[in-house]
$ cat entry.txt   # compact mmCIF, C-alpha atoms
# COMPACT_ATOMS: atom_id res chain seq x y z
CA MET A 1 82.55 -19.07 -12.37
CA ASN A 2 85.58 -17.17 -11.06
CA GLY A 3 89.24 -16.86 -11.94
CA THR A 4 90.08 -20.27 -10.44
CA THR A 5 88.85 -21.90 -13.64
CA ASP A 6 91.92 -20.52 -15.38
CA THR A 7 94.17 -22.29 -12.88
CA LYS A 8 93.14 -25.67 -14.27
CA LEU A 9 93.77 -24.46 -17.81
CA TYR A 10 97.16 -23.03 -17.04
CA ASP A 11 100.03 -25.51 -17.09
CA ILE A 12 102.29 -24.63 -14.18
CA ASN A 13 105.13 -26.57 -15.76
CA ARG A 14 105.26 -24.05 -18.63
CA GLY A 15 105.71 -20.52 -17.34
CA ALA A 16 104.32 -20.78 -13.77
CA ARG A 17 103.39 -17.52 -12.08
CA ASP A 18 103.56 -16.43 -8.48
CA PRO A 19 99.91 -15.66 -7.59
CA LYS A 20 101.03 -13.05 -5.07
CA ASN A 21 102.86 -10.81 -7.45
CA SER A 22 101.83 -12.21 -10.85
CA LYS A 23 105.42 -12.00 -12.05
CA ALA A 24 106.70 -14.57 -14.46
CA VAL A 25 109.29 -17.01 -13.21
CA SER A 26 112.69 -15.92 -14.45
CA VAL A 27 113.25 -16.60 -18.09
CA LYS A 28 116.67 -16.95 -19.66
CA PRO A 29 117.48 -13.57 -21.18
CA GLN A 30 117.62 -13.28 -24.93
CA ARG A 31 119.70 -10.95 -27.05
CA ALA A 32 116.53 -9.17 -28.18
CA PRO A 33 113.74 -8.49 -25.63
CA ILE A 34 111.11 -9.26 -28.25
CA LEU A 35 112.43 -12.83 -28.55
CA ASN A 36 112.24 -13.25 -24.79
CA VAL A 37 108.54 -12.41 -24.82
CA LEU A 38 107.77 -14.56 -27.85
CA ARG A 39 109.30 -17.64 -26.20
CA ASP A 40 106.18 -17.84 -24.02
CA ALA A 41 103.65 -20.11 -25.77
CA ASP A 42 100.73 -18.67 -23.80
CA PHE A 43 101.63 -15.16 -24.89
CA ARG A 44 101.96 -16.28 -28.51
CA MET A 45 98.44 -17.73 -28.45
CA ILE A 46 96.78 -14.64 -26.95
CA TRP A 47 98.84 -12.52 -29.36
CA CYS A 48 97.46 -14.45 -32.35
CA VAL A 49 93.90 -14.09 -31.05
CA GLY A 50 94.36 -10.34 -30.67
CA GLY A 51 95.89 -10.07 -34.14
CA LEU A 52 93.01 -11.76 -35.95
CA SER A 53 90.52 -9.73 -33.94
CA GLU A 54 92.21 -6.50 -35.03
CA VAL A 55 92.30 -7.51 -38.71
CA ALA A 56 88.57 -8.27 -38.66
CA ARG A 57 87.75 -5.08 -36.74
CA TRP A 58 89.58 -2.78 -39.14
CA MET A 59 88.12 -4.58 -42.16
CA GLU A 60 84.64 -4.06 -40.74
CA GLN A 61 85.32 -0.40 -40.02
CA LEU A 62 86.45 0.39 -43.56
CA VAL A 63 83.94 -1.79 -45.43
CA LEU A 64 80.95 -0.44 -43.50
CA SER A 65 82.22 3.15 -43.72
CA LEU A 66 82.60 2.79 -47.50
CA LEU A 67 79.09 1.36 -47.68
CA ILE A 68 77.54 4.24 -45.72
CA TRP A 69 79.47 6.85 -47.71
CA GLU A 70 78.47 5.29 -51.04
CA VAL A 71 74.79 5.21 -50.06
CA THR A 72 74.44 8.57 -48.28
CA ARG A 73 77.34 10.85 -49.33
CA SER A 74 76.81 12.52 -45.95
CA PRO A 75 79.78 13.42 -43.67
CA PHE A 76 77.43 13.31 -40.70
CA GLN A 77 76.15 9.80 -41.43
CA LEU A 78 79.71 8.68 -42.09
CA ALA A 79 80.62 10.05 -38.66
CA LEU A 80 77.78 8.05 -37.10
CA VAL A 81 79.59 4.79 -37.93
CA LEU A 82 82.35 5.70 -35.47
CA VAL A 83 79.87 7.25 -33.02
CA PHE A 84 77.82 4.05 -32.70
CA ASN A 85 80.98 1.94 -32.58
CA ASN A 86 82.22 3.81 -29.51
CA ALA A 87 78.89 4.61 -27.83
CA PRO A 88 78.78 1.32 -25.84
CA ARG A 89 82.14 1.99 -24.21
CA PRO A 90 81.05 4.42 -21.46
CA LEU A 91 78.17 2.09 -20.58
CA CYS A 92 80.16 -1.14 -20.66
CA GLY A 93 83.60 0.09 -19.64
CA PRO A 94 83.12 0.21 -15.85
CA PHE A 95 81.74 -3.33 -15.83
CA THR A 96 84.04 -5.02 -18.33
CA GLY A 97 87.09 -4.26 -16.20
CA LEU A 98 85.33 -5.77 -13.21
CA LEU A 99 84.33 -8.82 -15.26
CA ALA A 100 88.00 -9.37 -16.02
CA ASP A 101 88.65 -9.40 -12.26
CA ARG A 102 85.68 -11.46 -11.14
CA PHE A 103 85.34 -14.12 -13.87
CA SER A 104 87.49 -16.36 -15.99
CA ARG A 105 89.07 -14.06 -18.54
CA ARG A 106 89.18 -16.94 -21.00
CA ARG A 107 85.39 -17.20 -20.83
CA VAL A 108 84.96 -13.43 -21.15
CA LEU A 109 87.08 -13.50 -24.32
CA PHE A 110 85.11 -16.48 -25.63
CA GLY A 111 81.80 -14.66 -25.06
CA ALA A 112 83.12 -11.54 -26.79
CA GLN A 113 84.22 -13.56 -29.81
CA CYS A 114 80.85 -15.33 -29.99
CA LEU A 115 79.17 -11.90 -30.11
CA ALA A 116 81.53 -10.71 -32.87
CA THR A 117 80.91 -13.84 -34.94
CA SER A 118 77.13 -13.59 -34.57
CA THR A 119 77.19 -9.92 -35.58
CA ALA A 120 79.22 -10.64 -38.72
CA MET A 121 76.82 -13.47 -39.60
CA GLY A 122 73.76 -11.24 -39.24
CA LEU A 123 75.33 -8.48 -41.33
CA LEU A 124 76.19 -10.93 -44.10
CA PHE A 125 72.61 -12.22 -44.10
CA THR A 126 71.18 -8.72 -44.63
CA LEU A 127 73.57 -8.16 -47.54
CA ILE A 128 72.73 -11.48 -49.20
CA SER A 129 69.00 -10.91 -48.77
CA GLY A 130 69.25 -7.34 -50.07
CA THR A 131 67.47 -5.92 -47.02
CA ILE A 132 70.38 -3.99 -45.53
CA GLN A 133 69.65 -0.47 -44.28
CA PRO A 134 71.87 2.17 -42.61
CA TRP A 135 70.44 1.27 -39.21
CA HIS A 136 71.66 -2.30 -39.70
CA VAL A 137 75.16 -0.95 -40.10
CA TYR A 138 74.85 1.26 -37.01
CA LEU A 139 73.55 -1.67 -34.94
CA ALA A 140 76.37 -3.90 -36.17
CA VAL A 141 79.12 -1.41 -35.30
CA ALA A 142 77.53 -0.84 -31.87
CA LEU A 143 77.69 -4.59 -31.17
CA MET A 144 81.30 -4.56 -32.35
CA GLY A 145 81.93 -1.78 -29.84
CA ILE A 146 80.54 -3.97 -27.05
CA THR A 147 82.83 -6.78 -28.20
CA LYS A 148 85.86 -4.48 -28.04
CA ALA A 149 84.88 -3.19 -24.59
CA LEU A 150 84.58 -6.77 -23.32
CA GLU A 151 87.82 -7.94 -24.88
CA ASP A 152 90.36 -5.23 -24.05
CA PRO A 153 90.50 -5.34 -20.23
CA SER A 154 90.56 -9.15 -20.12
CA ARG A 155 93.16 -9.58 -22.85
CA ARG A 156 95.55 -6.84 -21.75
CA THR A 157 95.53 -7.71 -18.05
CA ALA A 158 96.01 -11.36 -19.05
CA ILE A 159 99.10 -10.28 -20.98
CA LEU A 160 100.48 -8.65 -17.83
CA ASP A 161 99.92 -11.82 -15.79
CA ILE A 162 101.48 -13.96 -18.52
CA VAL A 163 104.69 -11.95 -19.06
CA GLY A 164 105.13 -10.02 -15.78
CA PRO A 165 105.84 -6.27 -15.25
CA GLN A 166 109.47 -6.43 -16.40
CA ARG A 167 108.50 -7.47 -19.93
CA LEU A 168 105.24 -5.52 -20.07
CA VAL A 169 106.43 -2.73 -22.40
CA ASN A 170 107.82 -5.31 -24.84
CA ALA A 171 104.64 -7.42 -24.69
CA LEU A 172 102.32 -4.45 -25.08
CA SER A 173 104.45 -3.20 -27.97
CA LEU A 174 103.90 -6.57 -29.65
CA ASP A 175 100.20 -6.27 -28.81
CA GLY A 176 100.32 -2.80 -30.33
CA MET A 177 101.87 -4.35 -33.42
CA ASN A 178 98.76 -6.52 -33.66
CA HIS A 179 96.67 -3.36 -33.64
CA THR A 180 98.97 -1.97 -36.29
CA ILE A 181 99.00 -5.07 -38.47
CA GLY A 182 95.20 -4.99 -38.30
CA LYS A 183 95.25 -1.34 -39.40
CA VAL A 184 97.36 -2.35 -42.40
CA LEU A 185 95.82 -5.64 -43.49
CA GLY A 186 92.23 -4.84 -42.50
CA PRO A 187 91.63 -1.71 -44.63
CA LEU A 188 93.90 -2.92 -47.43
CA THR A 189 92.10 -6.25 -47.69
CA GLY A 190 88.67 -4.71 -47.13
CA GLY A 191 89.08 -2.06 -49.82
CA THR A 192 90.49 -4.57 -52.30
CA LEU A 193 87.64 -7.03 -51.67
CA VAL A 194 84.97 -4.33 -52.02
CA GLU A 195 86.41 -3.38 -55.40
CA ALA A 196 86.84 -7.02 -56.52
CA VAL A 197 83.86 -8.95 -55.10
CA GLY A 198 81.61 -6.29 -53.59
CA TYR A 199 80.37 -5.76 -50.06
CA THR A 200 78.90 -9.26 -49.73
CA GLY A 201 82.22 -10.95 -50.53
CA ALA A 202 84.10 -8.64 -48.15
CA CYS A 203 81.68 -9.36 -45.28
CA GLY A 204 81.93 -13.09 -45.99
CA CYS A 205 85.70 -12.89 -45.54
CA ILE A 206 85.20 -11.00 -42.26
CA LEU A 207 82.90 -13.75 -40.98
CA ALA A 208 85.49 -16.43 -41.87
CA ILE A 209 88.13 -14.60 -39.80
CA HIS A 210 85.80 -14.44 -36.80
CA VAL A 211 85.04 -18.17 -37.04
CA ILE A 212 88.76 -19.03 -37.11
CA ASN A 213 89.42 -16.76 -34.13
CA LEU A 214 86.59 -18.37 -32.19
CA GLY A 215 88.38 -21.69 -32.49
CA LEU A 216 91.68 -20.18 -31.30
CA VAL A 217 90.06 -18.61 -28.23
CA THR A 218 89.11 -22.06 -26.97
CA ARG A 219 92.84 -22.89 -26.78
CA LEU A 220 93.82 -19.93 -24.59
CA ARG A 221 95.52 -20.57 -21.25
CA ILE A 222 95.48 -17.63 -18.85
CA PRO A 223 96.78 -17.42 -15.26
CA PRO A 224 94.25 -16.65 -12.49
CA SER A 225 93.31 -12.99 -12.15
CA GLN A 226 94.79 -10.91 -9.35
CA GLY A 227 91.53 -8.97 -9.10
CA VAL A 228 89.14 -7.88 -6.40
CA GLN A 229 87.77 -9.97 -3.58
CA GLN A 230 84.42 -11.57 -4.18
CA GLY A 231 82.88 -9.48 -1.40
CA ASP A 232 83.44 -6.20 -3.19
CA SER A 233 80.34 -4.72 -4.78
CA ILE A 234 80.37 -3.40 -8.32
CA TRP A 235 79.76 0.16 -7.23
CA ARG A 236 82.43 0.05 -4.53
CA SER A 237 84.91 -1.28 -7.09
CA LEU A 238 84.06 1.50 -9.54
CA VAL A 239 84.37 4.16 -6.85
CA MET A 240 87.79 2.75 -5.94
CA ALA A 241 88.93 2.97 -9.58
CA VAL A 242 87.90 6.64 -9.80
CA ARG A 243 89.57 7.35 -6.45
CA VAL A 244 92.85 5.79 -7.56
CA ALA A 245 92.82 7.84 -10.77
CA ARG A 246 91.95 11.03 -8.89
CA HIS A 247 94.88 10.62 -6.51
CA SER A 248 97.41 9.65 -9.16
CA PRO A 249 98.55 12.72 -11.14
CA LEU A 250 100.32 10.46 -13.63
CA VAL A 251 97.20 8.42 -14.41
CA LEU A 252 95.03 11.54 -14.35
CA GLY A 253 97.29 13.21 -16.91
CA MET A 254 97.17 10.12 -19.11
CA LEU A 255 93.35 10.06 -18.98
CA TYR A 256 93.19 13.77 -19.84
CA VAL A 257 95.40 13.32 -22.92
CA THR A 258 93.34 10.27 -23.89
CA VAL A 259 90.16 12.35 -23.88
CA VAL A 260 91.81 15.10 -25.95
CA MET A 261 93.14 12.68 -28.55
CA ASN A 262 89.99 10.61 -28.91
CA ALA A 263 87.80 13.70 -29.21
CA LEU A 264 89.98 15.86 -31.47
CA ALA A 265 92.51 13.67 -33.30
CA PHE A 266 91.48 10.07 -33.91
CA PRO A 267 88.06 10.80 -35.48
CA THR A 268 90.04 12.08 -38.49
CA ARG A 269 90.50 8.49 -39.63
CA GLN A 270 86.76 7.99 -40.00
CA PHE A 271 86.69 10.52 -42.85
CA ILE A 272 89.40 8.85 -44.96
CA PRO A 273 86.78 7.24 -47.29
CA ALA A 274 85.33 10.68 -48.00
CA ILE A 275 88.72 12.37 -48.35
CA GLY A 276 90.02 9.63 -50.64
CA SER A 277 87.03 9.56 -52.97
CA GLU A 278 85.99 13.24 -52.95
CA TYR A 279 89.27 15.14 -52.57
CA LEU A 280 91.87 12.71 -53.93
CA GLY A 281 89.64 11.04 -56.53
CA VAL A 282 90.54 7.37 -55.90
CA GLY A 283 88.48 4.17 -55.72
CA ALA A 284 87.81 1.71 -52.89
CA GLY A 285 91.10 -0.16 -53.33
CA LEU A 286 93.27 2.94 -53.00
CA VAL A 287 91.06 4.25 -50.20
CA GLY A 288 91.83 1.01 -48.35
CA LEU A 289 95.55 1.50 -48.97
CA LEU A 290 95.31 5.08 -47.72
CA ALA A 291 93.53 3.90 -44.56
CA ALA A 292 96.36 1.38 -44.07
CA ALA A 293 99.07 4.07 -44.31
CA GLU A 294 98.98 4.87 -40.58
CA GLY A 295 99.54 1.21 -39.88
CA PHE A 296 102.77 1.07 -41.87
CA GLY A 297 104.33 3.85 -39.78
CA GLN A 298 102.89 2.45 -36.58
CA LEU A 299 104.31 -0.99 -37.33
CA ILE A 300 107.83 0.38 -37.68
CA ALA A 301 107.60 2.43 -34.48
CA SER A 302 105.99 -0.44 -32.52
CA SER A 303 108.81 -2.76 -33.61
CA MET A 304 111.34 -0.28 -32.24
CA LEU A 305 109.46 0.04 -28.94
CA ALA A 306 109.17 -3.74 -28.64
CA ASN A 307 112.96 -3.97 -28.62
CA THR A 308 113.66 -1.21 -26.10
CA ARG A 309 115.30 -2.04 -22.82
CA ASN A 310 114.37 -0.39 -19.53
CA LEU A 311 112.35 2.45 -21.03
CA ARG A 312 111.70 4.86 -18.16
CA HIS A 313 110.03 8.02 -19.44
CA HIS A 314 106.78 6.53 -20.71
CA GLY A 315 104.93 9.85 -20.49
CA ARG A 316 107.36 11.65 -22.78
CA VAL A 317 106.80 9.11 -25.53
CA PHE A 318 103.03 9.31 -24.88
CA VAL A 319 102.80 13.11 -25.16
CA ALA A 320 105.24 13.40 -28.08
CA GLY A 321 103.30 10.77 -30.00
CA SER A 322 100.05 12.64 -29.33
CA ALA A 323 101.47 15.93 -30.60
CA LEU A 324 102.76 14.27 -33.79
CA VAL A 325 99.35 12.73 -34.54
CA LEU A 326 97.61 16.09 -34.17
CA LEU A 327 100.13 17.93 -36.36
CA ILE A 328 99.88 15.29 -39.10
CA ALA A 329 96.07 15.54 -39.06
CA VAL A 330 96.31 19.22 -40.02
CA LEU A 331 98.74 18.54 -42.86
CA PHE A 332 96.99 15.42 -44.18
CA VAL A 333 93.57 16.94 -44.87
CA TRP A 334 95.11 19.65 -47.09
CA ALA A 335 97.46 17.33 -49.03
CA PRO A 336 96.81 17.83 -52.76
CA TRP A 337 98.32 14.52 -53.90
CA TYR A 338 97.60 10.93 -52.95
CA VAL A 339 101.28 10.01 -52.43
CA LEU A 340 101.82 12.94 -50.07
CA ALA A 341 98.67 12.10 -48.11
CA PHE A 342 99.85 8.49 -47.78
CA ALA A 343 103.31 9.56 -46.56
CA LEU A 344 101.86 11.95 -43.97
CA LEU A 345 99.54 9.30 -42.56
CA ALA A 346 102.46 6.88 -42.29
CA ILE A 347 104.42 9.44 -40.26
CA GLY A 348 101.39 9.99 -38.07
CA GLY A 349 101.29 6.26 -37.44
CA CYS A 350 104.66 6.53 -35.68
CA GLY A 351 103.07 8.91 -33.21
CA GLN A 352 100.13 6.57 -32.70
CA ALA A 353 102.51 3.74 -31.78
CA GLY A 354 103.97 5.80 -28.95
CA PHE A 355 100.53 6.92 -27.80
CA SER A 356 98.85 3.51 -27.73
CA THR A 357 101.73 1.53 -26.22
CA MET A 358 102.41 4.02 -23.44
CA GLN A 359 98.71 4.55 -22.75
CA SER A 360 98.28 0.92 -21.67
CA THR A 361 101.65 0.87 -19.91
CA ILE A 362 100.91 3.97 -17.80
CA THR A 363 97.42 2.70 -17.02
CA MET A 364 98.63 -0.61 -15.62
CA LEU A 365 101.93 0.43 -14.04
CA GLY A 366 100.40 3.58 -12.57
CA ALA A 367 97.68 1.64 -10.72
CA PRO A 368 97.96 -0.88 -7.86
CA PRO A 369 97.97 -4.51 -9.07
CA ALA A 370 94.43 -5.23 -7.81
CA MET A 371 93.06 -2.20 -9.67
CA ARG A 372 94.55 -2.75 -13.11
CA SER A 373 91.54 -4.35 -14.76
CA ARG A 374 89.21 -1.67 -13.46
CA MET A 375 91.60 1.08 -14.52
CA MET A 376 91.48 -0.39 -18.03
CA GLY A 377 87.70 -0.24 -17.75
CA LEU A 378 87.90 3.41 -16.69
CA LEU A 379 90.16 4.09 -19.66
CA SER A 380 87.52 2.52 -21.89
CA VAL A 381 84.92 4.89 -20.41
CA CYS A 382 87.08 7.92 -21.24
CA ILE A 383 87.55 6.70 -24.82
CA GLY A 384 83.87 5.87 -25.16
CA LEU A 385 82.71 9.27 -23.96
CA SER A 386 85.15 11.41 -25.91
CA THR A 387 85.20 9.65 -29.28
CA PRO A 388 81.45 9.84 -30.06
CA LEU A 389 81.21 13.46 -28.95
CA GLY A 390 84.28 14.50 -30.93
CA THR A 391 83.19 12.60 -34.03
CA LEU A 392 79.67 14.05 -33.88
CA GLU A 393 81.10 17.55 -33.58
CA ILE A 394 83.43 17.05 -36.56
CA GLY A 395 80.60 15.53 -38.60
CA LEU A 396 78.31 18.48 -37.88
CA VAL A 397 80.99 21.07 -38.67
CA ALA A 398 81.98 19.17 -41.83
CA ALA A 399 78.34 19.09 -42.98
CA ALA A 400 78.09 22.85 -42.43
CA PHE A 401 81.48 23.75 -43.94
CA THR A 402 84.01 21.19 -45.26
CA ILE A 403 85.71 18.08 -43.91
CA PRO A 404 89.25 19.60 -44.09
CA ALA A 405 88.12 22.73 -42.21
CA ALA A 406 86.46 20.72 -39.45
CA ILE A 407 89.48 18.46 -38.93
CA THR A 408 91.93 21.38 -38.98
CA VAL A 409 90.09 23.32 -36.27
CA ASN A 410 89.87 20.27 -34.03
CA ALA A 411 93.51 19.24 -34.44
CA LEU A 412 94.80 22.74 -33.67
CA ALA A 413 92.59 22.85 -30.57
CA GLY A 414 94.04 19.48 -29.55
CA LEU A 415 97.61 20.79 -29.79
CA LEU A 416 96.73 23.68 -27.49
CA LEU A 417 95.02 21.39 -25.01
CA LEU A 418 98.10 19.17 -24.66
CA TRP A 419 99.92 21.96 -22.87
CA PRO A 420 98.17 21.55 -19.48
CA ALA A 421 99.18 17.88 -19.44
CA VAL A 422 102.81 18.89 -19.93
CA THR A 423 102.87 21.65 -17.33
CA LEU A 424 100.38 20.53 -14.68
CA THR A 425 100.96 16.75 -14.51
CA PRO A 426 104.12 14.62 -14.09
CA LEU A 427 103.59 12.83 -17.42
CA VAL A 428 106.82 14.09 -18.97
CA ARG A 429 108.78 14.27 -15.71
CA ARG A 430 108.12 10.96 -13.94
CA SER A 431 108.33 7.34 -15.04
CA ALA A 432 105.47 4.92 -14.47
CA THR A 433 106.19 2.41 -11.70
CA SER A 434 103.80 0.06 -9.97
CA PRO A 435 102.44 1.55 -6.70
CA PRO A 436 101.70 -0.65 -3.70
CA SER A 437 98.57 -2.76 -3.60
CA VAL A 438 95.29 -1.27 -2.44
CA HIS A 439 93.79 -2.95 0.63

$ encode --input "entry.txt" --output "structure tokens"
Amino acid sequence: MNGTTDTKLYDINRGARDPKNSKAVSVKPQRAPILNVLRDADFRMIWCVGGLSEVARWMEQLVLSLLIWEVTRSPFQLALVLVFNNAPRPLCGPFTGLLADRFSRRRVLFGAQCLATSTAMGLLFTLISGTIQPWHVYLAVALMGITKALEDPSRRTAILDIVGPQRLVNALSLDGMNHTIGKVLGPLTGGTLVEAVGYTGACGCILAIHVINLGLVTRLRIPPSQGVQQGDSIWRSLVMAVRVARHSPLVLGMLYVTVVMNALAFPTRQFIPAIGSEYLGVGAGLVGLLAAAEGFGQLIASSMLANTRNLRHHGRVFVAGSALVLLIAVLFVWAPWYVLAFALLAIGGCGQAGFSTMQSTITMLGAPPAMRSRMMGLLSVCIGLSTPLGTLEIGLVAAAFTIPAAITVNALAGLLLLWPAVTLTPLVRRSATSPPSVH
């Protein structure tokens, strides 16, 4: 089955696209750019699917991290939750981008959601039967990682084909808001449910969300992919993706910063259950609220980005957001009071909004149209390689010393390593614009 399946599902009378340039037919401008994007019914549907997926994912992350921490009290085993969640990315990343090009993206998303639903069902069964072990949790988060690797390239490139390049920043900002809303509602709901009805009740709620989302996926309508020709081999396609990145200083700089952030900054979040319970002395409910703090700041910043017009210097926002996240990580782990820790994480969330929105924007606008899905796959590989290694390193250092010491050293190293991206690449000097197609 190839991308032509989507043509039958896509109603050309509602938002037809030019298959040659995948730009949306002109839409009557609105006073606010965000309203212009939300007028598109196909975007609204894929936006809802992404939002529910994010809520379930962040609930799973917190609930399972709390479970491992409660059972083991080991920083290293807590780190393994994030390690196994991201380990599938470097293995799946090169192929998931190609799947988004070669096959119906609607069917790829449906398959990913079936896997997520089955995983949640299996996890709930082990909890009900009382047979759950740490390896069950690690297997579950690994399968969730595969789901995420399958979903991202298909969903984000579908967004580009639905809204067109001119509205991409606004659409991806709204997509980033989904990520942010998930970071708020997921941990907050997960922590509250663990405290109120235990781990079994929390996992039952997660399964219900996946079942609802599975039904919504069947209603998606996505334009045909502007991907590779059927004659291209997998390996040739992957080599082309690496070649494009190697010859694009802008994309190369973005990938470098992505590796730095995912190795040295973002693993900090995985240790919030330990920091909340051990250093701030709060229960599961307040730990969930603390884990949601980043989302509150990110939601505000994403809303502002979603309403920007003609944003040109994507790299400046990307690098500035990265630096803010790293600085906040240093301050957060030494905060003596819960309220201060919450406020710092919320400020850090503003930086994450700039990082995540501009990361996807630079990836897709910095690559030729036919390479966008595979560049998203390459991005997934970079995330998948750097996050497990960085999290393992922090977990080992934290086990030998303390969690605050390990996070501080890594965040300061990350700030130093941002400097080459500023001085040696055009990230902060050049805007991201779509290059010509690769033939």

$ residues_around --input "entry.txt" --residues "stretch 187-190 of chain A" --least-positions-apart "2" --cutoff "9 Å" --atoms "all atoms listed in the file" --output "ChimeraX atom specification"
/A:55,58-63,182-185,192-195,199,202-203,205-206,284-292

$ atom_distance --input "entry.txt" --atom1 "atom CA of A:Ile407" --atom2 "atom CA of A:Phe76"
13.2 Å

$ residues_around --input "entry.txt" --residues "stretch 169-176 of chain A" --least-positions-apart "5" --cutoff "9 Å" --atoms "all atoms listed in the file" --output "PyMOL selection string"
chain A and resi 33-34+37-38+43+47+50-51+156+159-160+163+181+298-299+302-311+353+356-358+360-361

$ atom_distance --input "entry.txt" --atom1 "atom CA of A:Gly366" --atom2 "atom CA of A:Val251"
6.1 Å

$ atom_distance --input "entry.txt" --atom1 "atom CA of A:Leu418" --atom2 "atom CA of A:Gly348"
16.6 Å

$ residues_around --input "entry.txt" --residues "A:Val428" --least-positions-apart "3" --cutoff "12 Å" --atoms "all atoms listed in the file" --output "JSON list (two decimals) with C-alpha atoms, keeping the file's coordinate frame"
[["chain", "number", "residue", "atom", "x", "y", "z"],
["A", 249, "PRO", "CA", 98.55, 12.72, -11.14],
["A", 250, "LEU", "CA", 100.32, 10.46, -13.63],
["A", 253, "GLY", "CA", 97.29, 13.21, -16.91],
["A", 254, "MET", "CA", 97.17, 10.12, -19.11],
["A", 312, "ARG", "CA", 111.70, 4.86, -18.16],
["A", 313, "HIS", "CA", 110.03, 8.02, -19.44],
["A", 314, "HIS", "CA", 106.78, 6.53, -20.71],
["A", 315, "GLY", "CA", 104.93, 9.85, -20.49],
["A", 316, "ARG", "CA", 107.36, 11.65, -22.78],
["A", 317, "VAL", "CA", 106.80, 9.11, -25.53],
["A", 318, "PHE", "CA", 103.03, 9.31, -24.88],
["A", 319, "VAL", "CA", 102.80, 13.11, -25.16],
["A", 320, "ALA", "CA", 105.24, 13.40, -28.08],
["A", 358, "MET", "CA", 102.41, 4.02, -23.44],
["A", 362, "ILE", "CA", 100.91, 3.97, -17.80],
["A", 418, "LEU", "CA", 98.10, 19.17, -24.66],
["A", 419, "TRP", "CA", 99.92, 21.96, -22.87],
["A", 420, "PRO", "CA", 98.17, 21.55, -19.48],
["A", 421, "ALA", "CA", 99.18, 17.88, -19.44],
["A", 422, "VAL", "CA", 102.81, 18.89, -19.93],
["A", 423, "THR", "CA", 102.87, 21.65, -17.33],
["A", 424, "LEU", "CA", 100.38, 20.53, -14.68],
["A", 425, "THR", "CA", 100.96, 16.75, -14.51],
["A", 431, "SER", "CA", 108.33, 7.34, -15.04],
["A", 432, "ALA", "CA", 105.47, 4.92, -14.47]]

$ closest_residue --input "entry.txt" --among "A:Ala79, A:Ile162, A:Ala87, A:Met121" --to "A:Val381" --atoms "all atoms listed in the file"
A:Ala87

$ residues_around --input "entry.txt" --residues "A:Cys114" --least-positions-apart "2" --cutoff "12 Å" --atoms "all atoms listed in the file" --output "PDB file with C-alpha atoms, keeping the file's coordinate frame"
ATOM      1  CA  SER A  53      90.520  -9.730 -33.940  1.00  0.00           C
ATOM      2  CA  ARG A 107      85.390 -17.200 -20.830  1.00  0.00           C
ATOM      3  CA  VAL A 108      84.960 -13.430 -21.150  1.00  0.00           C
ATOM      4  CA  LEU A 109      87.080 -13.500 -24.320  1.00  0.00           C
ATOM      5  CA  PHE A 110      85.110 -16.480 -25.630  1.00  0.00           C
ATOM      6  CA  GLY A 111      81.800 -14.660 -25.060  1.00  0.00           C
ATOM      7  CA  ALA A 112      83.120 -11.540 -26.790  1.00  0.00           C
ATOM      8  CA  ALA A 116      81.530 -10.710 -32.870  1.00  0.00           C
ATOM      9  CA  THR A 117      80.910 -13.840 -34.940  1.00  0.00           C
ATOM     10  CA  SER A 118      77.130 -13.590 -34.570  1.00  0.00           C
ATOM     11  CA  THR A 119      77.190  -9.920 -35.580  1.00  0.00           C
ATOM     12  CA  ALA A 120      79.220 -10.640 -38.720  1.00  0.00           C
ATOM     13  CA  MET A 121      76.820 -13.470 -39.600  1.00  0.00           C
ATOM     14  CA  LEU A 143      77.690  -4.590 -31.170  1.00  0.00           C
ATOM     15  CA  MET A 144      81.300  -4.560 -32.350  1.00  0.00           C
ATOM     16  CA  ILE A 146      80.540  -3.970 -27.050  1.00  0.00           C
ATOM     17  CA  THR A 147      82.830  -6.780 -28.200  1.00  0.00           C
ATOM     18  CA  LEU A 150      84.580  -6.770 -23.320  1.00  0.00           C
ATOM     19  CA  GLU A 151      87.820  -7.940 -24.880  1.00  0.00           C
ATOM     20  CA  LEU A 207      82.900 -13.750 -40.980  1.00  0.00           C
ATOM     21  CA  HIS A 210      85.800 -14.440 -36.800  1.00  0.00           C
ATOM     22  CA  VAL A 211      85.040 -18.170 -37.040  1.00  0.00           C
ATOM     23  CA  ILE A 212      88.760 -19.030 -37.110  1.00  0.00           C
ATOM     24  CA  ASN A 213      89.420 -16.760 -34.130  1.00  0.00           C
ATOM     25  CA  LEU A 214      86.590 -18.370 -32.190  1.00  0.00           C
ATOM     26  CA  GLY A 215      88.380 -21.690 -32.490  1.00  0.00           C
ATOM     27  CA  LEU A 216      91.680 -20.180 -31.300  1.00  0.00           C
ATOM     28  CA  VAL A 217      90.060 -18.610 -28.230  1.00  0.00           C
ATOM     29  CA  THR A 218      89.110 -22.060 -26.970  1.00  0.00           C
TER      30      THR A 218
END

$ closest_residue --input "entry.txt" --among "A:Pro388, A:Leu127, A:Ala367, A:Arg39" --to "A:His247" --atoms "all atoms listed in the file"
A:Ala367

$ closest_residue --input "entry.txt" --among "A:Ala301, A:Val83, A:Leu78, A:Leu331" --to "A:Ala142" --atoms "all atoms listed in the file"
A:Val83

$ closest_residue --input "entry.txt" --among "A:Ser380, A:Thr387, A:Thr402, A:Thr72" --to "A:Asn85" --atoms "only C-alpha atoms"
A:Thr387

$ closest_residue --input "entry.txt" --among "A:Leu379, A:Ala400, A:Leu264, A:Gly390" --to "A:Ala413" --atoms "all atoms listed in the file"
A:Leu264

$ closest_residue --input "entry.txt" --among "A:Leu168, A:Ala263, A:Ala411, A:Leu365" --to "A:Phe332" --atoms "only C-alpha atoms"
A:Ala411
